[in-house]
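Read the structure below first, then the notes.
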Amino acid sequence: MEPTIYRAPGPFRLESGAVLPELRIAYHTYGRLNAARDNVAWVCHALTANSEVADWWPHTVEQGRFLDPDRYFVVCANILGSHYGTTGPLHVNPATGRPWYGSFPHVTIRDMVRAHRLLADALGIGRIALLVGSSVGGFQAVEWAVGEPERIERLVLIATDAKASPWNIAINETQRMALEADATYGQERPDAGMKGLATARALGLLSYRGPEGYNLTQQDREESPESHRACTYQQYQGEKLCRRYNAYSYHVILDAFDTHDVGYARGGVEAALGRIRARTLIVGITTDIIFTPAEMRRLQRRIPGSRYGEIDSPFGHDGFLVEYEQLNALLRPFEAEP
């Protein structure tokens, strides 16, 4: 299903002071907005996902699930800088008549959320009944809940945090180093940096899945194989991303990830999280090494009146994509509360 494109009425000024001469936002919706306009469930997507949430998050946008389109008007908008329709590096810069490529300006998580807010206003959405974000999507969701506390009724934060940690940033920097080590990165063509992108993705996947996930799924099926299953898996995952993404968008979004600090210019993280008025559920994953259960519990303690739930999974950070039955069992009772 192709996304709908919203075109903002004027230039979009970024937090850095740079200006995008035009802003387009790709988005998908499911279900119908009711007459009271109070049945919105907004999903903020993760790093390389798109706005078609029913495609990349299986068994969530279904009848009887926590994003039930019979109950909610479900919205997911593609983030700034992405490869999937929203203004990004492969779009044409109107000032030059050529694609932005490596000259695309620096964007932040707050820029992404401001773009979401523009779209919500354009769609006539006031209150959001349920705001859901996982990973980088959780960064956006917590930023939105702090920036507009009166707009968000319920908030679900999955495998995420209020600030990018040094560990998170180190993972991202290692991936950027891989991108920049590709001699073609920086060339003005859409397939520049592809070998670097494949390597960056393979590096990132180590942190997404972790040792338990790999040891469970990538055991060799014979003794002394010529090619180890774990090796071909890494190669396949790198090549798979190259078929659907570009190196410039990947770099832009890794950079934006590192800007996440909900307490910036708000008196610190504790003060910022204290602004949240939404009824909040925090969800951790037992084997997540990017956002550990201990970090998720700390986030829960910082948000007034929030509660904590946990997914038991060997698949690390990617558990939120795999363990949809456990996730549904946690979220359905929460979002159904009066």
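Residue names in the structure tokens use chain letters A, B, ... in the order shown, residue numbers from 1 in each chain, and ligand numbers from 1 in the order shown.
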
Could you pull the residues within 9 Å of region 155-157 of chain A, counting only C-alpha atoms, minus those fewer than 5 positions along the same chain, as a ChimeraX atom specification?
/A:129-135,137-139,141-142,145,278-284,331

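All residues within region 79-232 of chain A that the backbone DSSP calculation assigns to strand (DSSP E) are A:Val92, A:Asn93, A:Arg98, A:Pro99, A:Ile128, A:Ala129, A:Leu130, A:Leu131, A:Val132, A:Gly133, A:Ser134, A:Ile152, A:Glu153, A:Arg154, A:Leu155, A:Val156, A:Leu157, A:Ile158.
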
Would you write out those residues with N, CA and C atoms, as a PDB file, in the first residue's frame?
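Result went into part-v2.pdb, see below:
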```
ATOM      1  N   VAL A  92      15.073  16.051  -4.065  1.00  0.00           N
ATOM      2  CA  VAL A  92      15.708  17.194  -4.725  1.00  0.00           C
ATOM      3  C   VAL A  92      15.660  18.414  -3.812  1.00  0.00           C
ATOM      4  N   ASN A  93      16.794  19.049  -3.672  1.00  0.00           N
ATOM      5  CA  ASN A  93      16.874  20.334  -2.978  1.00  0.00           C
ATOM      6  C   ASN A  93      16.417  21.408  -3.962  1.00  0.00           C
ATOM      7  N   ARG A  98      19.114  19.595  -7.543  1.00  0.00           N
ATOM      8  CA  ARG A  98      19.750  18.278  -7.483  1.00  0.00           C
ATOM      9  C   ARG A  98      19.425  17.625  -6.141  1.00  0.00           C
ATOM     10  N   PRO A  99      19.501  16.305  -6.052  1.00  0.00           N
ATOM     11  CA  PRO A  99      19.273  15.659  -4.752  1.00  0.00           C
ATOM     12  C   PRO A  99      20.250  16.153  -3.691  1.00  0.00           C
ATOM     13  N   ILE A 128      -4.468  12.518  21.259  1.00  0.00           N
ATOM     14  CA  ILE A 128      -4.062  11.203  20.774  1.00  0.00           C
ATOM     15  C   ILE A 128      -4.360  10.207  21.892  1.00  0.00           C
ATOM     16  N   ALA A 129      -5.251   9.271  21.599  1.00  0.00           N
ATOM     17  CA  ALA A 129      -5.687   8.322  22.630  1.00  0.00           C
ATOM     18  C   ALA A 129      -4.560   7.382  23.045  1.00  0.00           C
ATOM     19  N   LEU A 130      -3.720   6.985  22.069  1.00  0.00           N
ATOM     20  CA  LEU A 130      -2.649   6.030  22.340  1.00  0.00           C
ATOM     21  C   LEU A 130      -1.452   6.384  21.464  1.00  0.00           C
ATOM     22  N   LEU A 131      -0.323   6.684  22.099  1.00  0.00           N
ATOM     23  CA  LEU A 131       0.927   6.971  21.393  1.00  0.00           C
ATOM     24  C   LEU A 131       1.900   5.850  21.721  1.00  0.00           C
ATOM     25  N   VAL A 132       2.380   5.160  20.678  1.00  0.00           N
ATOM     26  CA  VAL A 132       3.238   3.990  20.848  1.00  0.00           C
ATOM     27  C   VAL A 132       4.550   4.211  20.118  1.00  0.00           C
ATOM     28  N   GLY A 133       5.665   3.945  20.798  1.00  0.00           N
ATOM     29  CA  GLY A 133       6.958   4.043  20.144  1.00  0.00           C
ATOM     30  C   GLY A 133       7.930   3.025  20.694  1.00  0.00           C
ATOM     31  N   SER A 134       8.681   2.395  19.808  1.00  0.00           N
ATOM     32  CA  SER A 134       9.709   1.444  20.218  1.00  0.00           C
ATOM     33  C   SER A 134      11.043   1.880  19.633  1.00  0.00           C
ATOM     34  N   ILE A 152      -1.506  13.862  24.757  1.00  0.00           N
ATOM     35  CA  ILE A 152      -1.347  12.413  24.782  1.00  0.00           C
ATOM     36  C   ILE A 152      -2.099  11.824  25.973  1.00  0.00           C
ATOM     37  N   GLU A 153      -3.011  10.911  25.690  1.00  0.00           N
ATOM     38  CA  GLU A 153      -3.813  10.296  26.749  1.00  0.00           C
ATOM     39  C   GLU A 153      -3.123   9.066  27.337  1.00  0.00           C
ATOM     40  N   ARG A 154      -2.676   8.148  26.480  1.00  0.00           N
ATOM     41  CA  ARG A 154      -1.930   6.962  26.905  1.00  0.00           C
ATOM     42  C   ARG A 154      -0.629   6.884  26.108  1.00  0.00           C
ATOM     43  N   LEU A 155       0.414   6.415  26.779  1.00  0.00           N
ATOM     44  CA  LEU A 155       1.745   6.378  26.195  1.00  0.00           C
ATOM     45  C   LEU A 155       2.363   5.002  26.436  1.00  0.00           C
ATOM     46  N   VAL A 156       2.869   4.386  25.367  1.00  0.00           N
ATOM     47  CA  VAL A 156       3.560   3.104  25.482  1.00  0.00           C
ATOM     48  C   VAL A 156       4.975   3.263  24.935  1.00  0.00           C
ATOM     49  N   LEU A 157       5.959   3.032  25.790  1.00  0.00           N
ATOM     50  CA  LEU A 157       7.373   3.162  25.413  1.00  0.00           C
ATOM     51  C   LEU A 157       8.016   1.788  25.497  1.00  0.00           C
ATOM     52  N   ILE A 158       8.481   1.282  24.362  1.00  0.00           N
ATOM     53  CA  ILE A 158       9.004  -0.073  24.271  1.00  0.00           C
ATOM     54  C   ILE A 158      10.490  -0.033  23.907  1.00  0.00           C
TER      55      ILE A 158
END
```

Length of the CA of Lys163 (chain A) to CA of Glu15 (chain A) vector [Å]:
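Separation of CA of Lys163 (chain A) and CA of Glu15 (chain A): 17.1 Å.
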
Using only C-alpha atoms: which of A:Val269, A:Ala192, A:Leu23, A:Ala230 has the shortest distance to Cys242 (chain A)
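When distances to Cys242 (chain A) are compared using only C-alpha atoms, the smallest one comes from A:Ala192.
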
Residues of region 140-229 of chain A in helix (DSSP H, G or I), written as JSON, numbers by chain
{"A": [140, 141, 142, 143, 144, 145, 146, 147, 166, 167, 168, 169, 170, 171, 172, 173, 174, 175, 176, 177, 178, 179, 180, 181, 194, 195, 196, 197, 198, 199, 200, 201, 202, 203, 204, 205, 206, 207, 208, 209, 210, 211, 212, 213, 214, 215, 216, 217, 229]}

Who sits within 8 Å of region 77-81 of chain A, only C-alpha atoms, same chain under 2 positions skipped, as number ranges by chain
A: 25-28, 43-45, 50-51, 75, 83-89, 107, 111-112, 115-116, 249, 252-253

Any chance you could export the current selection's N, CA and C atoms as a compact mmCIF listing (two decimals), in the first residue's frame?
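The file below, result-v1.txt, is the result:
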```txt
# COMPACT_ATOMS: atom_id res chain seq x y z
N ILE A 25 5.74 14.69 4.03
CA ILE A 25 5.69 13.63 5.03
C ILE A 25 4.84 12.49 4.48
N ALA A 26 5.43 11.31 4.42
CA ALA A 26 4.70 10.11 3.99
C ALA A 26 4.04 9.47 5.21
N TYR A 27 2.80 9.04 5.06
CA TYR A 27 2.12 8.42 6.20
C TYR A 27 1.08 7.41 5.72
N HIS A 28 0.78 6.47 6.61
CA HIS A 28 -0.28 5.49 6.40
C HIS A 28 -1.32 5.63 7.51
N VAL A 43 1.58 5.61 15.91
CA VAL A 43 2.77 4.77 16.06
C VAL A 43 3.99 5.52 15.53
N CYS A 44 5.02 5.63 16.35
CA CYS A 44 6.29 6.22 15.93
C CYS A 44 7.25 5.07 15.60
N HIS A 45 7.75 5.04 14.37
CA HIS A 45 8.52 3.87 13.93
C HIS A 45 10.01 3.99 14.25
N ASN A 50 9.31 1.97 7.92
CA ASN A 50 8.56 2.96 7.16
C ASN A 50 7.23 3.21 7.85
N SER A 51 6.34 3.91 7.17
CA SER A 51 5.06 4.26 7.79
C SER A 51 4.02 3.16 7.67
N VAL A 75 -2.37 5.82 12.91
CA VAL A 75 -1.53 6.66 12.06
C VAL A 75 -0.08 6.33 12.30
N HIS A 83 14.19 7.02 3.99
CA HIS A 83 14.20 6.63 2.58
C HIS A 83 12.80 6.38 2.05
N TYR A 84 11.79 6.54 2.88
CA TYR A 84 10.45 6.05 2.53
C TYR A 84 9.41 7.15 2.35
N GLY A 85 9.78 8.22 1.67
CA GLY A 85 8.78 9.19 1.25
C GLY A 85 8.84 10.54 1.91
N THR A 86 9.21 10.59 3.18
CA THR A 86 9.37 11.89 3.85
C THR A 86 10.68 12.53 3.36
N THR A 87 10.73 13.84 3.37
CA THR A 87 11.88 14.56 2.85
C THR A 87 13.19 14.02 3.42
N GLY A 88 14.10 13.67 2.52
CA GLY A 88 15.37 13.07 2.92
C GLY A 88 16.46 13.31 1.89
N PRO A 89 17.61 12.68 2.07
CA PRO A 89 18.78 12.96 1.23
C PRO A 89 18.62 12.69 -0.27
N VAL A 107 19.36 16.75 11.26
CA VAL A 107 18.04 16.77 11.90
C VAL A 107 18.13 16.11 13.27
N ASP A 111 13.10 17.62 15.77
CA ASP A 111 12.64 17.99 14.43
C ASP A 111 11.63 16.97 13.91
N MET A 112 11.93 15.71 14.12
CA MET A 112 11.03 14.65 13.67
C MET A 112 9.66 14.79 14.32
N ALA A 115 7.63 17.65 13.01
CA ALA A 115 7.00 17.28 11.73
C ALA A 115 5.75 16.44 11.98
N HIS A 116 5.82 15.48 12.92
CA HIS A 116 4.63 14.70 13.28
C HIS A 116 3.49 15.62 13.73
N SER A 249 20.62 8.34 4.09
CA SER A 249 19.54 8.34 5.07
C SER A 249 19.97 7.63 6.35
N VAL A 252 22.09 9.99 8.35
CA VAL A 252 21.27 11.08 8.91
C VAL A 252 20.52 10.61 10.15
N ILE A 253 19.95 9.41 10.09
CA ILE A 253 19.12 8.94 11.20
C ILE A 253 19.98 8.48 12.37
```

Give me, as number ranges by chain, all polymer residues having an atom no more than 9 Å from Leu14 (chain A), counting only C-alpha atoms and skipping those fewer than 5 positions away in the same chain.
A: 19-20, 105-108, 110-111

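Rounded to one decimal, CA of Ala294 (chain A) and CA of His317 (chain A) lie 13.7 Å from each other.
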
Shortest interatomic distance to Ser82 (chain A) - which of A:Ala164, A:Ala256, A:Leu123, A:Val53, counting only C-alpha atoms:
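Nearest candidate to Ser82 (chain A) out of A:Ala164, A:Ala256, A:Leu123, A:Val53: A:Ala256.
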
Just how far from CA of His91 (chain A) is CA of Gly10 (chain A), in Å to one decimal?
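Taking CA of Gly10 (chain A) as the start and CA of His91 (chain A) as the end point, the length is 16.5 Å.
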
Would you kindly return, as number ranges by chain, each protein, DNA or RNA residue with an atom no farther than 10 Å from any atom of Leu321 (chain A), considering only C-alpha atoms and excluding same-chain residues fewer than 4 positions away?
A: 56-60, 134, 315, 317, 327

Store the residues picked out above, limited to N, CA, C and O atoms, as a PDB file, in the first residue's frame.
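Output file out.pdb is given in full below:
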```pdb
ATOM      1  N   TRP A  56       5.529  -3.995   8.743  1.00  0.00           N
ATOM      2  CA  TRP A  56       6.767  -4.321   9.459  1.00  0.00           C
ATOM      3  C   TRP A  56       6.538  -4.775  10.908  1.00  0.00           C
ATOM      4  O   TRP A  56       7.440  -5.346  11.523  1.00  0.00           O
ATOM      5  N   TRP A  57       5.329  -4.570  11.435  1.00  0.00           N
ATOM      6  CA  TRP A  57       5.040  -4.994  12.807  1.00  0.00           C
ATOM      7  C   TRP A  57       3.901  -5.996  12.756  1.00  0.00           C
ATOM      8  O   TRP A  57       2.733  -5.636  12.904  1.00  0.00           O
ATOM      9  N   PRO A  58       4.200  -7.267  12.515  1.00  0.00           N
ATOM     10  CA  PRO A  58       3.156  -8.252  12.229  1.00  0.00           C
ATOM     11  C   PRO A  58       2.201  -8.477  13.396  1.00  0.00           C
ATOM     12  O   PRO A  58       2.581  -8.425  14.557  1.00  0.00           O
ATOM     13  N   HIS A  59       0.954  -8.728  13.042  1.00  0.00           N
ATOM     14  CA  HIS A  59      -0.096  -9.091  14.001  1.00  0.00           C
ATOM     15  C   HIS A  59      -0.283  -8.032  15.096  1.00  0.00           C
ATOM     16  O   HIS A  59      -0.488  -8.363  16.260  1.00  0.00           O
ATOM     17  N   THR A  60      -0.199  -6.779  14.699  1.00  0.00           N
ATOM     18  CA  THR A  60      -0.474  -5.676  15.630  1.00  0.00           C
ATOM     19  C   THR A  60      -1.667  -4.847  15.147  1.00  0.00           C
ATOM     20  O   THR A  60      -2.536  -4.491  15.937  1.00  0.00           O
ATOM     21  N   SER A 134       8.681   2.395  19.808  1.00  0.00           N
ATOM     22  CA  SER A 134       9.709   1.444  20.218  1.00  0.00           C
ATOM     23  C   SER A 134      11.043   1.880  19.633  1.00  0.00           C
ATOM     24  O   SER A 134      11.106   2.407  18.518  1.00  0.00           O
ATOM     25  N   PHE A 315      15.505 -12.922  21.671  1.00  0.00           N
ATOM     26  CA  PHE A 315      15.846 -12.176  20.463  1.00  0.00           C
ATOM     27  C   PHE A 315      16.279 -10.739  20.713  1.00  0.00           C
ATOM     28  O   PHE A 315      16.263  -9.907  19.804  1.00  0.00           O
ATOM     29  N   HIS A 317      16.916  -6.881  21.433  1.00  0.00           N
ATOM     30  CA  HIS A 317      16.162  -5.679  21.115  1.00  0.00           C
ATOM     31  C   HIS A 317      15.056  -5.952  20.087  1.00  0.00           C
ATOM     32  O   HIS A 317      13.975  -5.365  20.151  1.00  0.00           O
ATOM     33  N   LEU A 327       3.541  -9.064  23.568  1.00  0.00           N
ATOM     34  CA  LEU A 327       3.303  -7.623  23.538  1.00  0.00           C
ATOM     35  C   LEU A 327       1.812  -7.315  23.587  1.00  0.00           C
ATOM     36  O   LEU A 327       1.365  -6.423  24.319  1.00  0.00           O
TER      37      LEU A 327
END
```
